[in-house]
$ cat target07.pdb   # PDB, C-alpha atoms, pLDDT in the B column
ATOM      1  CA  MET A  76      93.383  76.666  89.425  1.00 33.00           C
ATOM      2  CA  THR A  77      90.152  78.269  88.288  1.00 33.00           C
ATOM      3  CA  HIS A  78      90.053  81.665  86.660  1.00 34.00           C
ATOM      4  CA  THR A  79      86.882  83.660  86.275  1.00 36.00           C
ATOM      5  CA  ILE A  80      86.239  87.020  84.639  1.00 35.00           C
ATOM      6  CA  VAL A  81      83.149  88.380  86.346  1.00 36.00           C
ATOM      7  CA  PRO A  82      80.921  89.964  83.646  1.00 30.00           C
ATOM      8  CA  GLY A  83      80.220  93.625  84.255  1.00 36.00           C
ATOM      9  CA  SER A  84      81.904  93.670  87.649  1.00 43.00           C
ATOM     10  CA  GLY A  85      85.067  95.481  86.623  1.00 48.00           C
ATOM     11  CA  TRP A  86      87.422  92.935  88.158  1.00 48.00           C
ATOM     12  CA  ALA A  87      88.981  89.572  87.511  1.00 53.00           C
ATOM     13  CA  SER A  88      89.024  87.043  90.318  1.00 55.00           C
ATOM     14  CA  CYS A  89      90.878  83.810  90.867  1.00 54.00           C
ATOM     15  CA  GLN A  90      91.326  81.179  93.575  1.00 47.00           C
ATOM     16  CA  PRO A  91      94.547  79.110  93.316  1.00 43.00           C
ATOM     17  CA  ARG A  92      93.902  75.522  94.445  1.00 42.00           C
ATOM     18  CA  ALA A  93      97.124  75.058  96.360  1.00 37.00           C
ATOM     19  CA  CYS A  94      98.612  71.593  96.659  1.00 39.00           C
ATOM     20  CA  LEU A  95      99.880  72.518 100.139  1.00 44.00           C
ATOM     21  CA  ALA A  96      96.826  70.942 101.755  1.00 44.00           C
ATOM     22  CA  ARG A  97      97.879  71.492 105.346  1.00 49.00           C
ATOM     23  CA  TRP A  98      98.199  75.230 104.698  1.00 55.00           C
ATOM     24  CA  TRP A  99      95.055  75.374 102.598  1.00 57.00           C
ATOM     25  CA  ALA A 100      93.283  74.027 105.673  1.00 64.00           C
ATOM     26  CA  ASP A 101      94.419  76.964 107.846  1.00 81.00           C
ATOM     27  CA  ASP A 102      91.489  78.392 109.761  1.00 87.00           C
ATOM     28  CA  VAL A 103      92.962  81.930 109.698  1.00 88.00           C
ATOM     29  CA  TRP A 104      93.283  83.990 106.513  1.00 91.00           C
ATOM     30  CA  ILE A 105      94.413  87.576 105.976  1.00 89.00           C
ATOM     31  CA  ALA A 106      92.867  90.041 103.503  1.00 91.00           C
ATOM     32  CA  ASP A 107      94.174  93.312 102.068  1.00 89.00           C
ATOM     33  CA  SER A 108      94.704  95.160  98.786  1.00 90.00           C
ATOM     34  CA  THR A 109      97.695  96.900  97.222  1.00 89.00           C
ATOM     35  CA  PRO A 110      98.006  99.329  94.255  1.00 90.00           C
ATOM     36  CA  VAL A 111      98.889  98.081  90.773  1.00 90.00           C
ATOM     37  CA  GLU A 112      99.823 101.268  88.941  1.00 88.00           C
ATOM     38  CA  CYS A 113      99.199 101.219  85.180  1.00 88.00           C
ATOM     39  CA  GLY A 114     100.280 104.700  84.061  1.00 83.00           C
ATOM     40  CA  ARG A 115     101.040 108.223  85.241  1.00 83.00           C
ATOM     41  CA  SER A 116     100.348 110.697  82.471  1.00 84.00           C
ATOM     42  CA  LYS A 117      96.866 112.071  81.731  1.00 82.00           C
ATOM     43  CA  GLU A 118      97.369 111.035  78.105  1.00 82.00           C
ATOM     44  CA  THR A 119      97.917 107.413  79.161  1.00 82.00           C
ATOM     45  CA  ALA A 120      94.813 107.438  81.343  1.00 81.00           C
ATOM     46  CA  ARG A 121      92.743 108.800  78.451  1.00 84.00           C
ATOM     47  CA  ARG A 122      94.025 106.608  75.623  1.00 84.00           C
ATOM     48  CA  SER A 123      95.008 103.350  77.339  1.00 87.00           C
ATOM     49  CA  ASP A 124      93.160 100.105  76.599  1.00 89.00           C
ATOM     50  CA  LEU A 125      92.829  99.852  80.376  1.00 88.00           C
ATOM     51  CA  ALA A 126      90.674 102.973  80.567  1.00 87.00           C
ATOM     52  CA  GLY A 127      87.318 102.081  82.072  1.00 86.00           C
ATOM     53  CA  TRP A 128      88.834  99.368  84.253  1.00 89.00           C
ATOM     54  CA  ALA A 129      91.857 101.226  85.595  1.00 90.00           C
ATOM     55  CA  GLU A 130      90.997 104.432  87.444  1.00 92.00           C
ATOM     56  CA  TYR A 131      92.408 106.972  89.871  1.00 92.00           C
ATOM     57  CA  GLY A 132      92.690 105.909  93.487  1.00 91.00           C
ATOM     58  CA  TYR A 133      94.552 106.868  96.630  1.00 90.00           C
ATOM     59  CA  CYS A 134      97.527 104.993  98.080  1.00 85.00           C
ATOM     60  CA  ALA A 135      97.634 105.711 101.810  1.00 80.00           C
ATOM     61  CA  SER A 136     101.046 104.084 102.329  1.00 75.00           C
ATOM     62  CA  HIS A 137     102.645 106.524  99.853  1.00 74.00           C
ATOM     63  CA  SER A 138     100.204 109.410 100.499  1.00 81.00           C
ATOM     64  CA  ARG A 139      99.533 109.921  96.803  1.00 84.00           C
ATOM     65  CA  TYR A 140      97.003 109.240  94.074  1.00 89.00           C
ATOM     66  CA  PHE A 141      97.709 106.723  91.334  1.00 89.00           C
ATOM     67  CA  TRP A 142      96.046 105.522  88.130  1.00 90.00           C
ATOM     68  CA  GLY A 143      95.490 101.820  87.808  1.00 90.00           C
ATOM     69  CA  LEU A 144      94.062  98.823  89.653  1.00 93.00           C
ATOM     70  CA  ARG A 145      94.295  97.213  93.066  1.00 92.00           C
ATOM     71  CA  LEU A 146      95.337  93.623  93.746  1.00 91.00           C
ATOM     72  CA  HIS A 147      93.090  92.208  96.468  1.00 92.00           C
ATOM     73  CA  LEU A 148      94.693  89.270  98.250  1.00 89.00           C
ATOM     74  CA  LEU A 149      93.393  86.563 100.540  1.00 90.00           C
ATOM     75  CA  CYS A 150      96.315  84.654 102.067  1.00 87.00           C
ATOM     76  CA  THR A 151      97.158  82.152 104.778  1.00 87.00           C
ATOM     77  CA  LEU A 152      99.355  83.217 107.678  1.00 83.00           C
ATOM     78  CA  GLN A 153     102.277  81.613 105.808  1.00 81.00           C
ATOM     79  CA  GLY A 154     101.684  83.973 102.884  1.00 82.00           C
ATOM     80  CA  LEU A 155     100.176  81.370 100.552  1.00 86.00           C
ATOM     81  CA  PRO A 156      97.645  83.063  98.201  1.00 86.00           C
ATOM     82  CA  VAL A 157      94.278  81.313  98.411  1.00 86.00           C
ATOM     83  CA  GLY A 158      92.294  83.905  96.455  1.00 87.00           C
ATOM     84  CA  PHE A 159      92.753  87.204  94.674  1.00 88.00           C
ATOM     85  CA  ALA A 160      90.965  89.783  92.564  1.00 91.00           C
ATOM     86  CA  LEU A 161      92.078  92.619  90.298  1.00 91.00           C
ATOM     87  CA  ALA A 162      89.776  95.611  90.584  1.00 92.00           C
ATOM     88  CA  GLY A 163      89.672  99.285  89.715  1.00 92.00           C
ATOM     89  CA  ALA A 164      91.503 101.519  92.160  1.00 92.00           C
ATOM     90  CA  LYS A 165      88.211 102.770  93.653  1.00 91.00           C
ATOM     91  CA  ALA A 166      86.488  99.404  93.995  1.00 92.00           C
ATOM     92  CA  ASP A 167      85.020  98.736  97.434  1.00 94.00           C
ATOM     93  CA  GLU A 168      87.408  96.353  99.222  1.00 94.00           C
ATOM     94  CA  ARG A 169      84.516  94.774 101.089  1.00 95.00           C
ATOM     95  CA  GLN A 170      82.548  93.937  97.959  1.00 94.00           C
ATOM     96  CA  VAL A 171      85.615  92.517  96.227  1.00 93.00           C
ATOM     97  CA  LEU A 172      86.332  90.295  99.229  1.00 94.00           C
ATOM     98  CA  LEU A 173      82.749  89.041  99.165  1.00 94.00           C
ATOM     99  CA  ASP A 174      83.164  88.219  95.473  1.00 91.00           C
ATOM    100  CA  ILE A 175      86.308  86.192  96.205  1.00 91.00           C
ATOM    101  CA  LEU A 176      84.523  84.341  99.008  1.00 91.00           C
ATOM    102  CA  ALA A 177      81.527  83.641  96.753  1.00 88.00           C
ATOM    103  CA  ASP A 178      83.429  80.708  95.248  1.00 84.00           C
ATOM    104  CA  PRO A 179      81.726  77.676  96.887  1.00 83.00           C
ATOM    105  CA  VAL A 180      84.871  75.550  96.587  1.00 80.00           C
ATOM    106  CA  LEU A 181      86.908  78.119  98.495  1.00 82.00           C
ATOM    107  CA  THR A 182      84.570  78.211 101.478  1.00 81.00           C
ATOM    108  CA  ALA A 183      83.137  74.669 101.488  1.00 80.00           C
ATOM    109  CA  GLY A 184      83.377  73.052 104.913  1.00 80.00           C
ATOM    110  CA  ARG A 185      84.922  76.134 106.504  1.00 80.00           C
ATOM    111  CA  ASP A 186      82.698  76.747 109.486  1.00 81.00           C
ATOM    112  CA  HIS A 187      84.091  79.508 111.692  1.00 83.00           C
ATOM    113  CA  GLN A 188      86.860  80.535 109.275  1.00 90.00           C
ATOM    114  CA  ILE A 189      88.662  83.637 110.589  1.00 91.00           C
ATOM    115  CA  ILE A 190      89.676  86.531 108.336  1.00 92.00           C
ATOM    116  CA  ILE A 191      91.964  89.277 109.632  1.00 91.00           C
ATOM    117  CA  ALA A 192      91.682  92.607 107.820  1.00 90.00           C
ATOM    118  CA  ASP A 193      92.238  96.317 108.371  1.00 88.00           C
ATOM    119  CA  LYS A 194      89.683  98.892 109.470  1.00 88.00           C
ATOM    120  CA  ASN A 195      88.482  99.524 105.892  1.00 90.00           C
ATOM    121  CA  TYR A 196      86.606  96.213 106.022  1.00 94.00           C
ATOM    122  CA  TYR A 197      83.779  97.533 108.152  1.00 93.00           C
ATOM    123  CA  GLY A 198      80.004  97.763 108.207  1.00 93.00           C
ATOM    124  CA  HIS A 199      77.121  95.953 109.873  1.00 93.00           C
ATOM    125  CA  ASP A 200      75.707  94.601 106.611  1.00 95.00           C
ATOM    126  CA  PHE A 201      79.155  93.472 105.415  1.00 96.00           C
ATOM    127  CA  GLU A 202      79.906  91.630 108.639  1.00 93.00           C
ATOM    128  CA  ALA A 203      76.407  90.133 108.636  1.00 94.00           C
ATOM    129  CA  VAL A 204      77.043  88.593 105.198  1.00 94.00           C
ATOM    130  CA  LEU A 205      80.317  87.132 106.440  1.00 93.00           C
ATOM    131  CA  ALA A 206      78.674  85.834 109.607  1.00 91.00           C
ATOM    132  CA  ASP A 207      75.940  84.213 107.511  1.00 90.00           C
ATOM    133  CA  GLY A 208      78.716  82.282 105.775  1.00 85.00           C
ATOM    134  CA  ARG A 209      80.126  81.394 109.205  1.00 89.00           C
ATOM    135  CA  ILE A 210      83.154  83.620 108.694  1.00 92.00           C
ATOM    136  CA  CYS A 211      84.487  85.605 111.643  1.00 91.00           C
ATOM    137  CA  LEU A 212      86.039  88.982 110.810  1.00 91.00           C
ATOM    138  CA  LEU A 213      88.768  90.401 113.042  1.00 89.00           C
ATOM    139  CA  ARG A 214      89.715  94.022 112.411  1.00 89.00           C
ATOM    140  CA  PRO A 215      90.806  97.099 114.360  1.00 86.00           C
ATOM    141  CA  ALA A 216      88.114  99.459 115.647  1.00 85.00           C
ATOM    142  CA  ARG A 217      87.476 102.568 113.573  1.00 87.00           C
ATOM    143  CA  LYS A 218      87.484 106.035 115.086  1.00 88.00           C
ATOM    144  CA  GLY A 219      84.438 106.406 117.324  1.00 86.00           C
ATOM    145  CA  GLU A 220      83.845 102.651 117.590  1.00 87.00           C
ATOM    146  CA  PRO A 221      84.169 100.777 120.876  1.00 85.00           C
ATOM    147  CA  ALA A 222      87.176  98.484 121.234  1.00 82.00           C
ATOM    148  CA  ARG A 223      86.745  95.247 119.311  1.00 82.00           C
ATOM    149  CA  PRO A 224      87.661  91.882 120.873  1.00 73.00           C
ATOM    150  CA  GLY A 225      90.946  90.227 120.007  1.00 68.00           C
ATOM    151  CA  THR A 226      92.737  93.354 118.726  1.00 68.00           C
ATOM    152  CA  ARG A 227      95.861  92.800 120.795  1.00 68.00           C
ATOM    153  CA  PHE A 228      96.009  89.157 119.751  1.00 67.00           C
ATOM    154  CA  PHE A 229      95.813  89.632 115.973  1.00 69.00           C
ATOM    155  CA  LYS A 230      97.614  92.965 115.566  1.00 68.00           C
ATOM    156  CA  PRO A 231     101.034  91.333 114.924  1.00 69.00           C
ATOM    157  CA  LEU A 232      99.434  89.021 112.349  1.00 70.00           C
ATOM    158  CA  ARG A 233      98.222  92.037 110.352  1.00 69.00           C
ATOM    159  CA  GLN A 234     101.843  92.679 109.382  1.00 74.00           C
ATOM    160  CA  VAL A 235     101.937  89.389 107.485  1.00 76.00           C
ATOM    161  CA  ILE A 236      99.780  90.696 104.624  1.00 72.00           C
ATOM    162  CA  GLU A 237     101.920  93.845 104.403  1.00 76.00           C
ATOM    163  CA  SER A 238     104.961  91.589 104.129  1.00 79.00           C
ATOM    164  CA  VAL A 239     103.274  89.537 101.378  1.00 77.00           C
ATOM    165  CA  ASN A 240     102.517  92.731  99.449  1.00 73.00           C
ATOM    166  CA  ASP A 241     106.168  93.762  99.802  1.00 78.00           C
ATOM    167  CA  THR A 242     107.202  90.369  98.455  1.00 76.00           C
ATOM    168  CA  PHE A 243     105.111  90.924  95.314  1.00 72.00           C
ATOM    169  CA  LYS A 244     106.585  94.400  94.872  1.00 73.00           C
ATOM    170  CA  GLY A 245     110.139  93.166  95.382  1.00 71.00           C
ATOM    171  CA  GLN A 246     111.668  90.422  93.236  1.00 67.00           C
ATOM    172  CA  PRO A 247     108.502  89.656  91.194  1.00 68.00           C
ATOM    173  CA  GLY A 248     108.218  93.383  90.369  1.00 70.00           C
ATOM    174  CA  LEU A 249     104.447  93.815  90.684  1.00 76.00           C
ATOM    175  CA  GLU A 250     104.767  97.592  90.355  1.00 75.00           C
ATOM    176  CA  HIS A 251     106.653  97.154  87.056  1.00 77.00           C
ATOM    177  CA  HIS A 252     104.371  94.584  85.431  1.00 82.00           C
ATOM    178  CA  GLY A 253     104.478  96.235  81.984  1.00 79.00           C
ATOM    179  CA  GLY A 254     100.906  95.285  81.018  1.00 83.00           C
ATOM    180  CA  HIS A 255      99.015  97.632  78.678  1.00 82.00           C
ATOM    181  CA  THR A 256      95.768  95.726  78.129  1.00 90.00           C
ATOM    182  CA  PRO A 257      93.329  93.980  80.511  1.00 90.00           C
ATOM    183  CA  ALA A 258      94.585  90.581  79.356  1.00 89.00           C
ATOM    184  CA  GLY A 259      98.214  91.672  79.594  1.00 89.00           C
ATOM    185  CA  VAL A 260      97.899  92.967  83.153  1.00 91.00           C
ATOM    186  CA  THR A 261      95.879  89.934  84.278  1.00 89.00           C
ATOM    187  CA  VAL A 262      98.420  87.468  82.861  1.00 88.00           C
ATOM    188  CA  ARG A 263     101.367  89.305  84.417  1.00 89.00           C
ATOM    189  CA  VAL A 264      99.732  89.414  87.838  1.00 88.00           C
ATOM    190  CA  LEU A 265      98.831  85.719  87.534  1.00 87.00           C
ATOM    191  CA  GLN A 266     102.467  84.927  86.714  1.00 87.00           C
ATOM    192  CA  ARG A 267     103.604  86.578  89.932  1.00 86.00           C
ATOM    193  CA  ILE A 268     100.988  84.842  92.068  1.00 87.00           C
ATOM    194  CA  LEU A 269     101.851  81.475  90.539  1.00 86.00           C
ATOM    195  CA  ALA A 270     105.570  82.160  91.042  1.00 84.00           C
ATOM    196  CA  LEU A 271     105.047  82.914  94.742  1.00 84.00           C
ATOM    197  CA  THR A 272     102.843  79.834  95.181  1.00 86.00           C
ATOM    198  CA  ALA A 273     105.469  77.650  93.444  1.00 86.00           C
ATOM    199  CA  ALA A 274     108.254  79.116  95.598  1.00 85.00           C
ATOM    200  CA  ILE A 275     106.322  78.393  98.806  1.00 85.00           C
ATOM    201  CA  TRP A 276     105.641  74.832  97.619  1.00 85.00           C
ATOM    202  CA  HIS A 277     109.292  74.257  96.687  1.00 86.00           C
ATOM    203  CA  ASN A 278     110.625  75.778  99.928  1.00 85.00           C
ATOM    204  CA  ASP A 279     108.264  73.574 101.898  1.00 83.00           C
ATOM    205  CA  ARG A 280     109.407  70.436 100.075  1.00 84.00           C
ATOM    206  CA  ALA A 281     113.049  71.470 100.537  1.00 85.00           C
ATOM    207  CA  GLY A 282     112.564  72.044 104.258  1.00 86.00           C
ATOM    208  CA  GLN A 283     113.455  75.727 104.118  1.00 84.00           C
ATOM    209  CA  PRO A 284     112.679  77.644 107.347  1.00 83.00           C
ATOM    210  CA  VAL A 285     111.184  80.661 105.544  1.00 80.00           C
ATOM    211  CA  LYS A 286     108.598  79.380 103.065  1.00 80.00           C
ATOM    212  CA  ARG A 287     107.887  82.699 101.329  1.00 79.00           C
ATOM    213  CA  SER A 288     111.535  83.583 100.700  1.00 78.00           C
ATOM    214  CA  LEU A 289     112.478  84.178  97.053  1.00 77.00           C
ATOM    215  CA  VAL A 290     116.171  84.859  97.706  1.00 74.00           C
ATOM    216  CA  ALA A 291     117.236  81.476  96.317  1.00 73.00           C
ATOM    217  CA  TYR A 292     115.559  82.302  92.973  1.00 71.00           C
ATOM    218  CA  ASP A 293     116.959  85.837  92.584  1.00 69.00           C
ATOM    219  CA  HIS A 294     119.594  85.017  89.976  1.00 60.00           C
TER     220      HIS A 294
END
$ encode --input "target07.pdb" --output "structure tokens"
Amino acid sequence: MTHTIVPGSGWASCQPRACLARWWADDVWIADSTPVECGRSKETARRSDLAGWAEYGYCASHSRYFWGLRLHLLCTLQGLPVGFALAGAKADERQVLLDILADPVLTAGRDHQIIIADKNYYGHDFEAVLADGRICLLRPARKGEPARPGTRFFKPLRQVIESVNDTFKGQPGLEHHGGHTPAGVTVRVLQRILALTAAIWHNDRAGQPVKRSLVAYDH
């Protein structure tokens, strides 16, 4: 695993080098972000060591604002994390994804890699950068856009990343990480990503039908 703090960028990024080579070689990845709340009171937001990195953002799934960060995930269709970044709640999802993909080891030899994302990953310039790296973006059309090819095909696959986010919020307790400093939050998020990666590896070796299941470890 490599771990890089990007100077001045406001986020930490990491790409786990999974030992599940046949999944690492998947030519379809899924990208999304999910809130990592770090406090609720105005006093916490003003005095916390996370102030300046954590910020107020909007959570559409809960229709409310929160103070904290967002965990940006890049996963295989089996839910294996291949890259992630922790960013302020207002960070542009597109720019964070480009930062994750900037790792040459992550994208080496991946001509025509497909990434499935939601409609927030839009823009001619953004898609041009991806296309220059021979990455094909599949996303739903935004309001006012013409229908985009492949929508019906990949729509069910979009639910995979939502399920992965729910996994992090469930047994690993992402929403209750307990970190109060940049290092503390980063380490706690890393622990959860490593735990999920280890569970997928172990379930695969044990021949379990559901690789991302953590039920066997919930004791």
$ residues_around --input "target07.pdb" --residues "A:Ala274" --least-positions-apart "3" --cutoff "7 Å" --atoms "all atoms listed in the file" --output "PyMOL selection string"
chain A and resi 270-271+277-278+287+289
$ atom_distance --input "target07.pdb" --atom1 "atom CA of A:Asn195" --atom2 "atom CA of A:Leu269"
27.2 Å
$ closest_residue --input "target07.pdb" --among "A:Leu212, A:Ala291, A:Val235, A:Val157" --to "A:Val180" --atoms "all atoms listed in the file"
A:Val157
$ resolve_selection --input "target07.pdb" --expression "the PyMOL selection byres ((chain A and resi 115) around 10)" --output "number ranges by chain"
A: 112-114, 116-120, 131, 140-143
$ atom_distance --input "target07.pdb" --atom1 "atom CA of A:Ile189" --atom2 "atom CA of A:Gln266"
27.6 Å
$ resolve_selection --input "target07.pdb" --expression "the PyMOL selection byres ((chain A and resi 190) around 10)" --output "PDB file with C-alpha atoms, keeping the file's coordinate frame"
ATOM      1  CA  ASP A 102      91.489  78.392 109.761  1.00 87.00           C
ATOM      2  CA  VAL A 103      92.962  81.930 109.698  1.00 88.00           C
ATOM      3  CA  TRP A 104      93.283  83.990 106.513  1.00 91.00           C
ATOM      4  CA  ILE A 105      94.413  87.576 105.976  1.00 89.00           C
ATOM      5  CA  ALA A 106      92.867  90.041 103.503  1.00 91.00           C
ATOM      6  CA  LEU A 149      93.393  86.563 100.540  1.00 90.00           C
ATOM      7  CA  CYS A 150      96.315  84.654 102.067  1.00 87.00           C
ATOM      8  CA  THR A 151      97.158  82.152 104.778  1.00 87.00           C
ATOM      9  CA  HIS A 187      84.091  79.508 111.692  1.00 83.00           C
ATOM     10  CA  GLN A 188      86.860  80.535 109.275  1.00 90.00           C
ATOM     11  CA  ILE A 189      88.662  83.637 110.589  1.00 91.00           C
ATOM     12  CA  ILE A 191      91.964  89.277 109.632  1.00 91.00           C
ATOM     13  CA  ALA A 192      91.682  92.607 107.820  1.00 90.00           C
ATOM     14  CA  LEU A 205      80.317  87.132 106.440  1.00 93.00           C
ATOM     15  CA  ILE A 210      83.154  83.620 108.694  1.00 92.00           C
ATOM     16  CA  CYS A 211      84.487  85.605 111.643  1.00 91.00           C
ATOM     17  CA  LEU A 212      86.039  88.982 110.810  1.00 91.00           C
ATOM     18  CA  LEU A 213      88.768  90.401 113.042  1.00 89.00           C
ATOM     19  CA  ARG A 214      89.715  94.022 112.411  1.00 89.00           C
TER      20      ARG A 214
END
$ closest_residue --input "target07.pdb" --among "A:Arg169, A:Ala216, A:Leu265, A:Ser238" --to "A:Asp200" --atoms "only C-alpha atoms"
A:Arg169
$ resolve_selection --input "target07.pdb" --expression "the PyMOL selection byres ((chain A and resi 126) around 10)" --output "PyMOL selection string"
chain A and resi 113+119-125+127-130+142-143+163+256-257
$ closest_residue --input "target07.pdb" --among "A:Arg223, A:His252, A:Arg185, A:Lys165" --to "A:Tyr197" --atoms "all atoms listed in the file"
A:Arg223
$ residues_around --input "target07.pdb" --residues "A:Leu249" --least-positions-apart "4" --cutoff "8 Å" --atoms "all atoms listed in the file" --output "compact mmCIF listing (two decimals) with C-alpha atoms, keeping the file's coordinate frame"
# COMPACT_ATOMS: atom_id res chain seq x y z
CA VAL A 111 98.89 98.08 90.77
CA PHE A 243 105.11 90.92 95.31
CA LYS A 244 106.58 94.40 94.87
CA GLY A 245 110.14 93.17 95.38
CA VAL A 264 99.73 89.41 87.84
CA ARG A 267 103.60 86.58 89.93
$ atom_distance --input "target07.pdb" --atom1 "atom CA of A:Leu144" --atom2 "atom CA of A:Glu237"
17.4 Å
$ closest_residue --input "target07.pdb" --among "A:Asn240, A:Gln234, A:Thr182, A:Ser136" --to "A:Leu148" --atoms "all atoms listed in the file"
A:Asn240
$ closest_residue --input "target07.pdb" --among "A:Leu146, A:Lys194, A:Val260, A:Thr242" --to "A:Val290" --atoms "only C-alpha atoms"
A:Thr242
$ axis_aligned_box --input "target07.pdb" --around "stretch 240-253 of chain A" --padding-each-side "5 Å" --output "lines of an AutoDock Vina configuration file"
center_x = 107.1
center_y = 93.6
center_z = 90.9
size_x = 19.2
size_y = 17.9
size_z = 27.8
$ closest_residue --input "target07.pdb" --among "A:Gly158, A:Leu173, A:Cys134, A:Ala166" --to "A:Ala203" --atoms "only C-alpha atoms"
A:Leu173
$ closest_atom_pairs --input "target07.pdb" --of "stretch 138-244 of chain A" --to "stretch 282-286 of chain A" --cutoff "10 Å" --atoms "all atoms listed in the file" --output "CSV"
residue,atom,partner,partner_atom,distance
A:Gln153,CA,A:Lys286,CA,7.2
A:Gly154,CA,A:Lys286,CA,8.3
A:Leu155,CA,A:Lys286,CA,9.0
